[in-house]
Structure formats: structure tokens, C-alpha cells
>>> print(open('final00.cif').read())   # mmCIF, C-alpha atoms and all ligand atoms
data_run
#
loop_
_atom_site.label_atom_id
_atom_site.label_comp_id
_atom_site.auth_asym_id
_atom_site.auth_seq_id
_atom_site.Cartn_x
_atom_site.Cartn_y
_atom_site.Cartn_z
CA MET M 1 -31.52 -24.19 -25.73
CA PRO M 2 -27.97 -22.89 -25.21
CA VAL M 3 -25.93 -24.73 -22.55
CA SER M 4 -25.18 -22.44 -19.59
CA ARG M 5 -21.56 -21.73 -18.69
CA GLY M 6 -22.01 -23.24 -15.21
CA SER M 7 -23.29 -26.58 -16.42
CA SER M 8 -20.60 -26.94 -19.10
CA LEU M 9 -17.97 -26.19 -16.40
CA ARG M 10 -19.55 -28.83 -14.16
CA ARG M 11 -19.50 -31.33 -17.02
CA SER M 12 -15.81 -30.62 -17.73
CA ALA M 13 -14.99 -30.99 -14.02
CA ALA M 14 -16.82 -34.33 -13.89
CA ALA M 15 -14.98 -35.56 -17.00
CA VAL M 16 -11.58 -34.52 -15.59
CA THR M 17 -12.39 -36.25 -12.28
CA CYS M 18 -13.37 -39.47 -14.04
CA LEU M 19 -10.21 -39.39 -16.18
CA ALA M 20 -8.05 -38.77 -13.09
CA LEU M 21 -9.67 -41.71 -11.28
CA LEU M 22 -9.20 -43.90 -14.35
CA GLY M 23 -5.56 -42.79 -14.65
CA ALA M 24 -4.90 -43.50 -10.95
CA GLY M 25 -6.27 -47.00 -11.48
CA CYS M 26 -3.53 -47.63 -14.05
CA ALA M 27 -0.61 -46.59 -11.79
CA SER M 28 2.26 -49.09 -11.74
CA ASP M 29 4.07 -47.79 -8.65
CA THR M 30 1.57 -48.90 -6.00
CA PRO M 31 3.46 -49.94 -2.88
CA GLN M 32 0.27 -50.43 -0.86
CA ASN M 33 -1.77 -52.27 -3.47
CA THR M 34 -3.79 -54.76 -1.49
CA LEU M 35 -4.55 -56.74 -4.68
CA ASN M 36 -0.84 -57.34 -5.31
CA ALA M 37 -0.36 -60.13 -2.77
CA GLN M 38 3.25 -60.94 -1.86
CA GLY M 39 2.66 -63.75 0.60
CA PRO M 40 0.32 -66.70 1.23
CA PHE M 41 -1.85 -64.89 3.78
CA SER M 42 -2.54 -61.88 1.58
CA GLN M 43 -3.01 -64.33 -1.31
CA THR M 44 -5.72 -66.07 0.75
CA LEU M 45 -7.55 -62.75 0.95
CA ASN M 46 -7.17 -62.23 -2.79
CA ASP M 47 -8.53 -65.73 -3.41
CA LEU M 48 -11.67 -64.51 -1.66
CA ILE M 49 -11.84 -61.00 -3.10
CA ARG M 50 -11.62 -62.09 -6.74
CA PRO M 51 -14.50 -64.63 -6.94
CA VAL M 52 -16.72 -62.43 -4.76
CA PHE M 53 -15.95 -59.45 -7.00
CA VAL M 54 -16.77 -61.47 -10.14
CA LEU M 55 -20.02 -62.68 -8.58
CA ALA M 56 -20.93 -59.14 -7.52
CA ALA M 57 -20.14 -57.87 -11.02
CA VAL M 58 -22.42 -60.52 -12.60
CA VAL M 59 -25.24 -59.63 -10.19
CA PHE M 60 -24.71 -55.92 -10.86
CA VAL M 61 -24.82 -56.29 -14.64
CA PHE M 62 -27.84 -58.62 -14.44
CA VAL M 63 -29.85 -56.34 -12.12
CA GLU M 64 -28.92 -53.12 -13.93
CA GLY M 65 -29.71 -54.87 -17.22
CA LEU M 66 -33.16 -55.83 -15.93
CA ILE M 67 -33.79 -52.25 -14.84
CA VAL M 68 -32.81 -50.87 -18.26
CA PHE M 69 -34.91 -53.56 -19.95
CA ALA M 70 -37.94 -52.76 -17.76
CA VAL M 71 -37.57 -49.02 -18.32
CA LEU M 72 -37.48 -49.42 -22.10
CA ARG M 73 -39.86 -52.34 -22.55
CA PHE M 74 -42.57 -51.14 -20.16
CA ARG M 75 -42.33 -47.37 -20.63
CA ARG M 76 -45.59 -45.54 -20.89
CA ARG M 77 -46.60 -45.26 -24.51
CA SER M 78 -49.84 -43.33 -24.10
CA GLU M 79 -51.73 -41.42 -21.37
CA ASP M 80 -53.72 -44.47 -20.20
CA ASP M 81 -50.97 -47.09 -20.78
CA ARG M 82 -50.50 -49.36 -17.75
CA PRO M 83 -48.33 -52.52 -17.87
CA GLU M 84 -49.53 -55.83 -16.47
CA GLN M 85 -49.21 -55.84 -12.64
CA ILE M 86 -47.31 -58.80 -11.15
CA HIS M 87 -47.53 -57.93 -7.44
CA GLY M 88 -47.81 -61.12 -5.37
CA SER M 89 -46.58 -63.46 -8.12
CA THR M 90 -45.41 -66.62 -6.31
CA LYS M 91 -43.08 -67.52 -9.17
CA PHE M 92 -41.18 -64.22 -9.02
CA GLU M 93 -41.24 -63.98 -5.20
CA LEU M 94 -39.67 -67.44 -4.91
CA ALA M 95 -37.05 -66.72 -7.58
CA TRP M 96 -35.82 -63.45 -6.10
CA THR M 97 -35.70 -64.90 -2.61
CA ILE M 98 -34.00 -68.21 -3.38
CA ILE M 99 -31.39 -67.04 -5.91
CA PRO M 100 -29.89 -64.28 -3.68
CA ALA M 101 -30.02 -66.66 -0.68
CA LEU M 102 -28.01 -69.27 -2.60
CA LEU M 103 -25.47 -66.63 -3.68
CA LEU M 104 -25.09 -65.45 -0.08
CA VAL M 105 -24.61 -69.02 1.15
CA LEU M 106 -21.86 -69.45 -1.47
CA VAL M 107 -20.10 -66.20 -0.49
CA GLY M 108 -20.57 -66.98 3.23
CA GLY M 109 -19.08 -70.46 2.83
CA LEU M 110 -16.02 -69.09 1.02
CA THR M 111 -15.57 -66.34 3.61
CA VAL M 112 -15.91 -68.48 6.73
CA SER M 113 -13.34 -71.04 5.54
CA LYS M 114 -10.79 -68.25 4.86
CA ILE M 115 -11.52 -66.54 8.19
CA PHE M 116 -10.67 -69.70 10.12
CA TYR M 117 -7.48 -70.19 8.11
CA LEU M 118 -6.35 -66.59 8.67
CA ASP M 119 -7.14 -66.86 12.38
CA ARG M 120 -4.99 -69.98 12.87
CA GLN M 121 -1.94 -69.76 15.12
CA PHE M 122 0.83 -71.85 13.61
CA LYS M 123 3.15 -73.73 15.95
CA ASP M 124 6.15 -73.21 13.68
CA SER M 125 5.72 -69.46 13.38
CA MET M 126 8.15 -66.89 14.70
CA GLN M 127 6.56 -64.61 17.32
CA VAL M 128 6.86 -60.85 17.56
CA GLN M 129 4.99 -58.62 19.97
CA VAL M 130 3.62 -55.47 18.30
CA ILE M 131 2.50 -52.51 20.41
CA GLY M 132 0.75 -49.53 18.84
CA HIS M 133 1.56 -46.09 20.26
CA GLN M 134 0.52 -42.59 19.25
CA TRP M 135 2.13 -42.53 16.60
CA TRP M 136 4.62 -45.32 16.11
CA TRP M 137 4.93 -49.09 16.32
CA GLU M 138 6.97 -51.00 18.90
CA TYR M 139 8.28 -54.48 18.01
CA ASN M 140 9.60 -56.78 20.70
CA TYR M 141 11.50 -59.92 19.73
CA LYS M 142 11.58 -62.25 22.72
CA ASP M 143 13.61 -65.30 23.67
CA ALA M 144 12.13 -68.62 24.84
CA LYS M 145 11.71 -67.23 28.36
CA GLY M 146 9.74 -64.24 27.14
CA THR M 147 12.51 -61.71 27.74
CA THR M 148 12.79 -59.05 25.06
CA VAL M 149 16.09 -59.45 23.23
CA VAL M 150 15.56 -56.86 20.53
CA ALA M 151 13.24 -53.87 20.92
CA ALA M 152 12.72 -52.31 17.51
CA ALA M 153 10.43 -49.55 16.29
CA ASN M 154 8.49 -48.83 13.11
CA GLU M 155 10.45 -51.31 10.98
CA LEU M 156 9.63 -54.97 11.39
CA HIS M 157 12.42 -57.28 10.24
CA ILE M 158 11.29 -60.76 9.24
CA PRO M 159 12.92 -63.68 7.45
CA VAL M 160 11.62 -64.43 3.93
CA GLY M 161 9.41 -67.49 3.51
CA ARG M 162 8.74 -67.91 7.22
CA LYS M 163 5.43 -67.56 9.05
CA VAL M 164 5.61 -64.71 11.53
CA GLN M 165 2.87 -64.34 14.12
CA LEU M 166 2.33 -60.77 15.28
CA ASN M 167 0.79 -60.46 18.73
CA LEU M 168 -0.83 -57.06 18.61
CA THR M 169 -1.81 -54.77 21.43
CA SER M 170 -1.80 -51.04 22.14
CA ALA M 171 -0.35 -48.76 24.79
CA ASP M 172 -2.96 -46.02 24.41
CA VAL M 173 -5.85 -45.93 21.91
CA ILE M 174 -7.05 -48.39 19.27
CA HIS M 175 -4.74 -48.69 16.27
CA ASN M 176 -4.94 -51.02 13.29
CA TYR M 177 -1.98 -52.86 11.80
CA TRP M 178 -2.07 -53.00 8.00
CA PRO M 179 0.73 -54.15 5.69
CA PRO M 180 -1.47 -54.50 2.54
CA LYS M 181 0.81 -56.72 0.45
CA LEU M 182 1.29 -59.17 3.31
CA ALA M 183 -2.01 -59.30 5.21
CA GLY M 184 -5.33 -57.67 5.93
CA LYS M 185 -6.01 -55.36 8.86
CA VAL M 186 -6.00 -56.39 12.51
CA TYR M 187 -6.84 -54.11 15.42
CA ALA M 188 -4.29 -53.30 18.12
CA ILE M 189 -6.48 -52.77 21.19
CA PRO M 190 -5.35 -51.72 24.68
CA GLY M 191 -5.70 -54.53 27.23
CA ARG M 192 -6.02 -57.40 24.78
CA THR M 193 -3.87 -59.29 22.29
CA ASN M 194 -4.95 -59.96 18.71
CA HIS M 195 -3.04 -62.15 16.30
CA MET M 196 -2.02 -61.77 12.70
CA THR M 197 0.21 -64.10 10.72
CA ILE M 198 2.26 -62.76 7.84
CA GLN M 199 4.74 -64.32 5.45
CA ALA M 200 6.70 -62.57 2.70
CA ASP M 201 7.51 -64.47 -0.49
CA LYS M 202 10.52 -62.37 -1.42
CA ALA M 203 13.04 -60.04 0.15
CA ASP M 204 11.70 -56.49 -0.04
CA PHE M 205 10.74 -53.39 1.87
CA TYR M 206 6.95 -53.62 2.34
CA TYR M 207 4.88 -50.57 3.18
CA GLY M 208 1.97 -50.30 5.51
CA GLU M 209 0.24 -47.97 7.90
CA CYS M 210 -2.12 -47.64 10.81
CA ALA M 211 -5.64 -48.10 9.47
CA GLU M 212 -7.71 -46.83 12.40
CA PHE M 213 -8.05 -43.14 13.13
CA CYS M 214 -6.02 -42.70 16.31
CA GLY M 215 -5.48 -38.97 16.67
CA LEU M 216 -3.73 -36.04 15.07
CA SER M 217 -0.85 -37.91 13.41
CA HIS M 218 -2.76 -41.05 12.45
CA ALA M 219 -1.69 -40.40 8.84
CA ASN M 220 1.94 -40.31 10.00
CA MET M 221 1.79 -43.71 11.69
CA ARG M 222 3.38 -45.68 8.91
CA LEU M 223 5.10 -49.02 9.10
CA ARG M 224 7.70 -50.91 7.11
CA VAL M 225 8.27 -54.61 6.93
CA VAL M 226 11.83 -55.50 5.95
CA ALA M 227 11.77 -59.08 4.67
CA GLN M 228 15.29 -60.50 4.44
CA PRO M 229 16.89 -63.82 3.56
CA GLN M 230 17.16 -65.93 6.73
CA ALA M 231 20.94 -65.43 6.99
CA ASP M 232 20.60 -61.62 6.81
CA PHE M 233 17.76 -61.69 9.31
CA ASP M 234 19.85 -63.82 11.69
CA ARG M 235 22.69 -61.33 11.34
CA TRP M 236 20.30 -58.49 12.17
CA MET M 237 18.94 -60.31 15.25
CA GLN M 238 22.39 -61.35 16.37
CA ALA M 239 24.01 -57.95 15.94
CA ASN M 240 21.10 -56.08 17.52
CA SER M 241 20.74 -58.39 20.50
CA ALA M 242 24.48 -58.39 21.17
CA PHE M 243 24.75 -54.66 20.70
CA THR M 244 25.43 -52.64 23.80
CA PRO M 245 25.74 -48.96 23.11
CA ALA M 246 28.75 -47.23 24.51
CA ALA M 247 27.22 -46.92 27.93
CA THR M 248 30.54 -45.61 28.93
CA TYR M 249 30.39 -42.05 27.68
CA PRO M 250 31.19 -40.09 30.83
CA ILE M 251 29.06 -37.11 31.75
CA VAL M 252 30.81 -34.11 30.29
CA ALA M 253 31.24 -31.35 32.85
CA ALA M 254 30.74 -27.75 31.74
CA ALA M 255 34.45 -27.08 32.09
CA ASP M 256 35.29 -29.93 29.69
CA GLN M 257 32.88 -28.92 26.92
CA ALA M 258 35.63 -27.53 24.70
CA THR M 259 37.64 -30.74 24.57
CA ALA M 260 34.91 -33.42 24.76
CA SER M 261 33.83 -35.36 21.64
CA GLU M 262 30.48 -34.57 20.01
CA GLU M 263 29.34 -38.10 20.90
CA ALA M 264 30.16 -37.67 24.59
CA LYS M 265 28.49 -34.25 24.68
CA GLY M 266 25.45 -35.78 22.97
CA ALA M 267 25.31 -38.61 25.51
CA THR M 268 25.40 -36.05 28.29
CA LEU M 269 22.59 -34.02 26.68
CA PHE M 270 20.59 -37.25 26.25
CA LEU M 271 20.64 -37.67 30.04
CA GLN M 272 20.31 -34.02 30.98
CA LYS M 273 17.71 -32.75 28.48
CA GLY M 274 15.11 -35.32 29.49
CA CYS M 275 15.50 -37.60 26.44
CA SER M 276 16.35 -40.52 28.73
CA GLY M 277 13.09 -40.06 30.64
CA CYS M 278 11.10 -41.10 27.55
CA HIS M 279 13.56 -43.23 25.54
CA ALA M 280 15.32 -46.40 26.58
CA VAL M 281 18.90 -47.02 25.53
CA ASN M 282 19.91 -50.40 26.88
CA GLY M 283 22.36 -49.98 29.72
CA VAL M 284 21.82 -46.20 29.82
CA SER M 285 18.16 -45.37 30.38
CA ARG M 286 14.77 -47.05 30.76
CA GLY M 287 12.27 -44.50 29.40
CA ALA M 288 9.27 -46.26 27.89
CA VAL M 289 7.21 -43.44 26.38
CA GLY M 290 9.00 -43.17 23.04
CA PRO M 291 10.80 -45.77 20.93
CA ASN M 292 13.77 -47.67 22.36
CA LEU M 293 16.76 -45.96 20.73
CA THR M 294 19.36 -48.67 21.40
CA TYR M 295 19.41 -49.63 17.72
CA PHE M 296 18.29 -46.28 16.32
CA ASN M 297 21.02 -46.13 13.68
CA SER M 298 20.10 -49.64 12.44
CA ARG M 299 16.79 -48.25 11.18
CA ALA M 300 16.28 -46.81 7.73
CA THR M 301 13.46 -44.56 8.93
CA PHE M 302 12.28 -42.86 12.11
CA ALA M 303 9.32 -40.99 13.67
CA GLY M 304 6.60 -43.45 12.66
CA ALA M 305 8.65 -44.50 9.61
CA ILE M 306 7.87 -41.22 7.88
CA PHE M 307 11.44 -39.87 7.58
CA ALA M 308 14.55 -41.40 6.06
CA ASN M 309 17.08 -41.71 8.84
CA ASP M 310 19.62 -39.17 7.62
CA ASN M 311 21.24 -36.25 9.42
CA ASP M 312 19.20 -33.51 7.71
CA ASN M 313 15.90 -35.13 8.68
CA LEU M 314 17.16 -35.92 12.18
CA ARG M 315 18.25 -32.31 12.72
CA SER M 316 14.86 -30.96 11.58
CA TRP M 317 13.16 -33.45 13.88
CA LEU M 318 15.25 -32.55 16.93
CA ARG M 319 14.72 -28.85 16.24
CA ASP M 320 10.92 -29.05 16.44
CA PRO M 321 9.20 -32.48 16.46
CA PRO M 322 5.57 -31.25 16.56
CA ALA M 323 6.26 -29.10 13.48
CA GLU M 324 7.47 -32.20 11.62
CA LYS M 325 4.74 -34.51 12.90
CA PRO M 326 1.63 -32.76 14.24
CA GLY M 327 0.72 -33.77 17.77
CA SER M 328 4.05 -35.49 18.37
CA LEU M 329 4.38 -36.43 22.03
CA MET M 330 8.06 -35.51 21.75
CA PRO M 331 8.09 -31.81 22.61
CA LYS M 332 10.17 -29.03 21.16
CA LEU M 333 13.20 -28.94 23.44
CA ASN M 334 14.58 -25.59 22.21
CA LEU M 335 17.93 -27.17 21.48
CA SER M 336 20.71 -25.01 20.06
CA GLU M 337 22.25 -25.97 16.72
CA ALA M 338 25.40 -27.04 18.59
CA GLU M 339 23.35 -29.28 20.88
CA ILE M 340 21.58 -30.78 17.87
CA THR M 341 24.99 -31.56 16.34
CA SER M 342 26.07 -33.35 19.53
CA LEU M 343 22.82 -35.32 19.90
CA THR M 344 22.92 -36.35 16.24
CA ALA M 345 26.50 -37.58 16.67
CA TYR M 346 25.48 -39.59 19.74
CA LEU M 347 22.42 -41.12 18.03
CA ARG M 348 24.69 -42.25 15.18
CA THR M 349 26.62 -44.42 17.67
CA LEU M 350 23.44 -46.36 18.50
CA GLY M 351 23.29 -49.29 16.10
CA ASP M 352 24.82 -50.06 12.74
CA PRO M 353 23.50 -48.63 9.43
CA ALA M 354 24.79 -51.75 7.65
CA LEU M 355 21.89 -53.59 9.30
CA ARG M 356 19.13 -51.49 7.73
CA GLY M 357 18.47 -54.30 5.31
CA ALA M 358 17.01 -52.33 2.44
CA PRO M 359 17.62 -49.05 0.63
CA VAL M 360 15.38 -46.20 1.71
CA PRO M 361 12.61 -45.68 -0.87
CA ALA M 362 13.33 -42.51 -2.83
CA GLY M 363 10.10 -40.72 -1.91
CA LEU M 364 10.95 -40.94 1.77
CA ALA M 365 14.15 -38.96 1.61
CA ALA M 366 12.30 -35.67 1.55
CA GLY M 367 9.87 -36.61 4.32
CA PRO M 368 6.12 -36.02 4.15
CA PRO M 369 4.69 -32.89 2.57
CA GLN M 370 4.46 -29.98 4.97
CA PRO M 371 1.07 -28.40 5.63
CU1 LIG M 401 -2.57 -45.48 14.95
CU2 LIG M 401 -4.05 -44.61 13.34
#
>>> encode(input="final00.cif", output="C-alpha cells")
Amino acid sequence: MPVSRGSSLRRSAAAVTCLALLGAGCASDTPQNTLNAQGPFSQTLNDLIRPVFVLAAVVFVFVEGLIVFAVLRFRRRSEDDRPEQIHGSTKFELAWTIIPALLLVLVGGLTVSKIFYLDRQFKDSMQVQVIGHQWWWEYNYKDAKGTTVVAAANELHIPVGRKVQLNLTSADVIHNYWPPKLAGKVYAIPGRTNHMTIQADKADFYYGECAEFCGLSHANMRLRVVAQPQADFDRWMQANSAFTPAATYPIVAAADQATASEEAKGATLFLQKGCSGCHAVNGVSRGAVGPNLTYFNSRATFAGAIFANDNDNLRSWLRDPPAEKPGSLMPKLNLSEAEITSLTAYLRTLGDPALRGAPVPAGLAAGPPQP
């Protein structure tokens, strides 16, 4: 019988899909590969995943093998062929109850011991408060009295080789914090605090993202962990906590527009266009809806860590945020190109790019694909 065109097409499509999946499995550039643990807490998870996977594979091969064996060995050979019936066999019933039960006890024992380890709160860990927002992450580094000394966003700076306890909560809906190479997922839930401990083995820029659907730009709620040598981290903390933006830019009156600096005009726009109502800049404004911008220029990325923090991306963002990031709570402010130039100049005075701690990954420079 000739093969129809439709079924040969379907077969080709299936083959191409399988090859693509196989090819993707061989990729070397996998920044969010959860099996490539880069710290002791993610390694703990891997130490669980691997034996359980091996066990599951053995069970799979054994059971599928039995099925294939039964199909071949006991297939009907004639019209009245009927294999021996074993329904109610005590021997078999006991075997297929006890063996799976023992396997489950083994897997359960392994799992429970790891769960308690991962849930521990270590006395010597550094503490950072993490607050999920639609669609960005707030990080508050506090002093011994609980006062926030550095309020960062989207990029979490941590010292290499040190336990860092993240105290997670949310300002709006449920989010889920997930830096795959450093830890598993932990929910950020409004009204309660969950804990996650991470530790990075080497200095690097670790990727992650929100892992709970939280609205239109859930996919754009990325996160970066910048793990630095202790001395670099201390420099970052020190410089950021000591940094006071030039709170001194005077309001530029309309008559002085021609002679004022771009930075001063930008600072004036920041106060007059409503930016300050949503964004805090220490010593200037207290807005708490969007990220604290005091150290904006110390960040390698912005807007949920989806854009490299360069002037082209910043200009596109200021022109029309919801077009860049669907659902963005930051509205389109209908700024003129001249106003965007001034605001960009002002934002560049907030923080020090030398503190970014890691080069921006190449793929980020262009931003996310546009719909
Ligand atoms: Cu936040 Cu998904």
C-alpha cells in the first residue's frame, strides 16, 4: 500500500522534532541548567536528583522490559489460545507491593534528609530581604538594627563562598525565586516570609527568573546573581551605602532651560513628571512602587533584568515602557526626545558603573525579542 503524503509529512515532522530536542539536549551554553550546580545548596539537590533518576530509569527499563516480554511471550498464537491466568497469586501480589514500597521508602528517606538540610537557617549566613513585585525583584541589605543600607533591584550581589540567606516575600501576587545554578525554587508570597540559602562557588553572573506565573510580564521577571570576591563585594556595599546622589540639583525654572545642564534638567523632570512618586532616590524622593533608583547606574541591567543598562535601551524604555515590557506598571509618559536625553543624563549620575561587578552577557545587549 502506498504511503500517503500526509502521513509521510507527519513522520518527517516527528523526526525533525525529535532531532531538535536531541540537539537542544547537547547545548553547551546553558546558563540556567539546573543540573550544573555551582554551589553546595544546588549540589545538594543534584545529589538527590541523580540517584532518584537512576532508580527511576532502572524501574522504567525493568517494567517496560516485562511488558515487551509479556507481549511477545504470551501473544495469541491461535484462535483459542489463552495463557495461564495468575489473578490472585499471593507470590506476585506480595512482590509487586513490597518492592515498590521499599523503593519509595528509599527515595523518601533521601528526600526528607535533604529537605531538612535545605530548610536550615544558618547562623553565620548573610541576610538579604527579597521582595517580588510585578515584574522585578527588590533586594534590601540591612544593618544590625534592621535598617536598609542598600536597596538594590533585579541584581543580587553576594560574596563568593559565603552562605546568603534570602528572606523572600512579595508586594503583590505570588512569585517564585529561582536561580537554577545556585538553588531550587522558593515561593515569594505576600504576607509571609520564606527562606532560601544560596552560596556561589565562584565569581560569576548567575541567571535566574521568576518561576510562578504572575501576570503579563512573568516571562520578563528575570534575575541576576552577581557573585564577587569578598573584597569586591565589600567595595560594592561600601560604595552603595555611602552613595548619596547629588540631591542638590536645583529645580530648573523654565527661563533657565537654555543654560541648565542636562543632569539638572533631568533631575527637575524626575520630580515634575511623576517619576519621584513611584521611585525612591535617597535624599530626593520616597516613591515605593518601582525600583529604588539611587544606585541605578551601578546595575548592569534594568526593567526586571531584561535590558542591558545602556543609553539606547534606556531611551527606548523611557519612550514607551509597556511596549518594551508588556503590562509594565510604568506608564508611557509621552516624553519628548529632549526630555529623554535629560532624564538619561540624570539617571547616569545615580551610582557608579564601575560597581556593576560583571560584564553584561552578550545576548542581553539587544534586549528581549519583540512580539
Ligand atoms: Cu513573578 Cu512570575
>>> residues_around(input="final00.cif", residues="Ile189 (chain M)", least_positions_apart="5", cutoff="12 Å", atoms="only C-alpha atoms", output="list in words")
Val130, Ile131, Gly132, His133, Asn167, Leu168, Thr169, Ser170, Ala171, Asp172, Val173, Ile174, His175, Asn176, Tyr177, Asn194, His195, Glu212 and Cys214 of chain M
>>> residues_around(input="final00.cif", residues="Leu318 (chain M)", least_positions_apart="5", cutoff="9 Å", atoms="all atoms listed in the file", output="tab-separated table (two decimals) with C-alpha atoms, in the frame of the given file")
chain	number	residue	atom	x	y	z
M	313	ASN	CA	15.90	-35.13	8.68
M	332	LYS	CA	10.17	-29.03	21.16
M	333	LEU	CA	13.20	-28.94	23.44
M	334	ASN	CA	14.58	-25.59	22.21
M	335	LEU	CA	17.93	-27.17	21.48
M	340	ILE	CA	21.58	-30.78	17.87
M	343	LEU	CA	22.82	-35.32	19.90
M	344	THR	CA	22.92	-36.35	16.24
>>> residues_around(input="final00.cif", residues="Tyr117 (chain M)", least_positions_apart="5", cutoff="10 Å", atoms="all atoms listed in the file", output="compact mmCIF listing (two decimals) with C-alpha atoms, in the frame of the given file")
# COMPACT_ATOMS: atom_id res chain seq x y z
CA PHE M 41 -1.85 -64.89 3.78
CA THR M 44 -5.72 -66.07 0.75
CA VAL M 112 -15.91 -68.48 6.73
>>> atom_distance(input="final00.cif", atom1="CA of Pro331 (chain M)", atom2="CA of Val226 (chain M)")
29.2 Å
>>> atom_distance(input="final00.cif", atom1="CA of Ser342 (chain M)", atom2="CA of Ser261 (chain M)")
8.3 Å
>>> atom_distance(input="final00.cif", atom1="CA of Asp47 (chain M)", atom2="CA of Gly65 (chain M)")
27.5 Å
>>> closest_residue(input="final00.cif", among="M:Leu104, M:Val186, M:Ala231, M:Leu118", to="ligand LIG 401 (chain M)", atoms="all atoms listed in the file")
M:Val186
>>> residues_around(input="final00.cif", residues="region 236-243 of chain M", least_positions_apart="2", cutoff="10 Å", atoms="all atoms listed in the file", output="VMD selection string")
chain M and resid 141 148 to 152 157 to 158 228 230 to 234 245 to 246 282 294 to 295 298 350 to 352 354 to 357
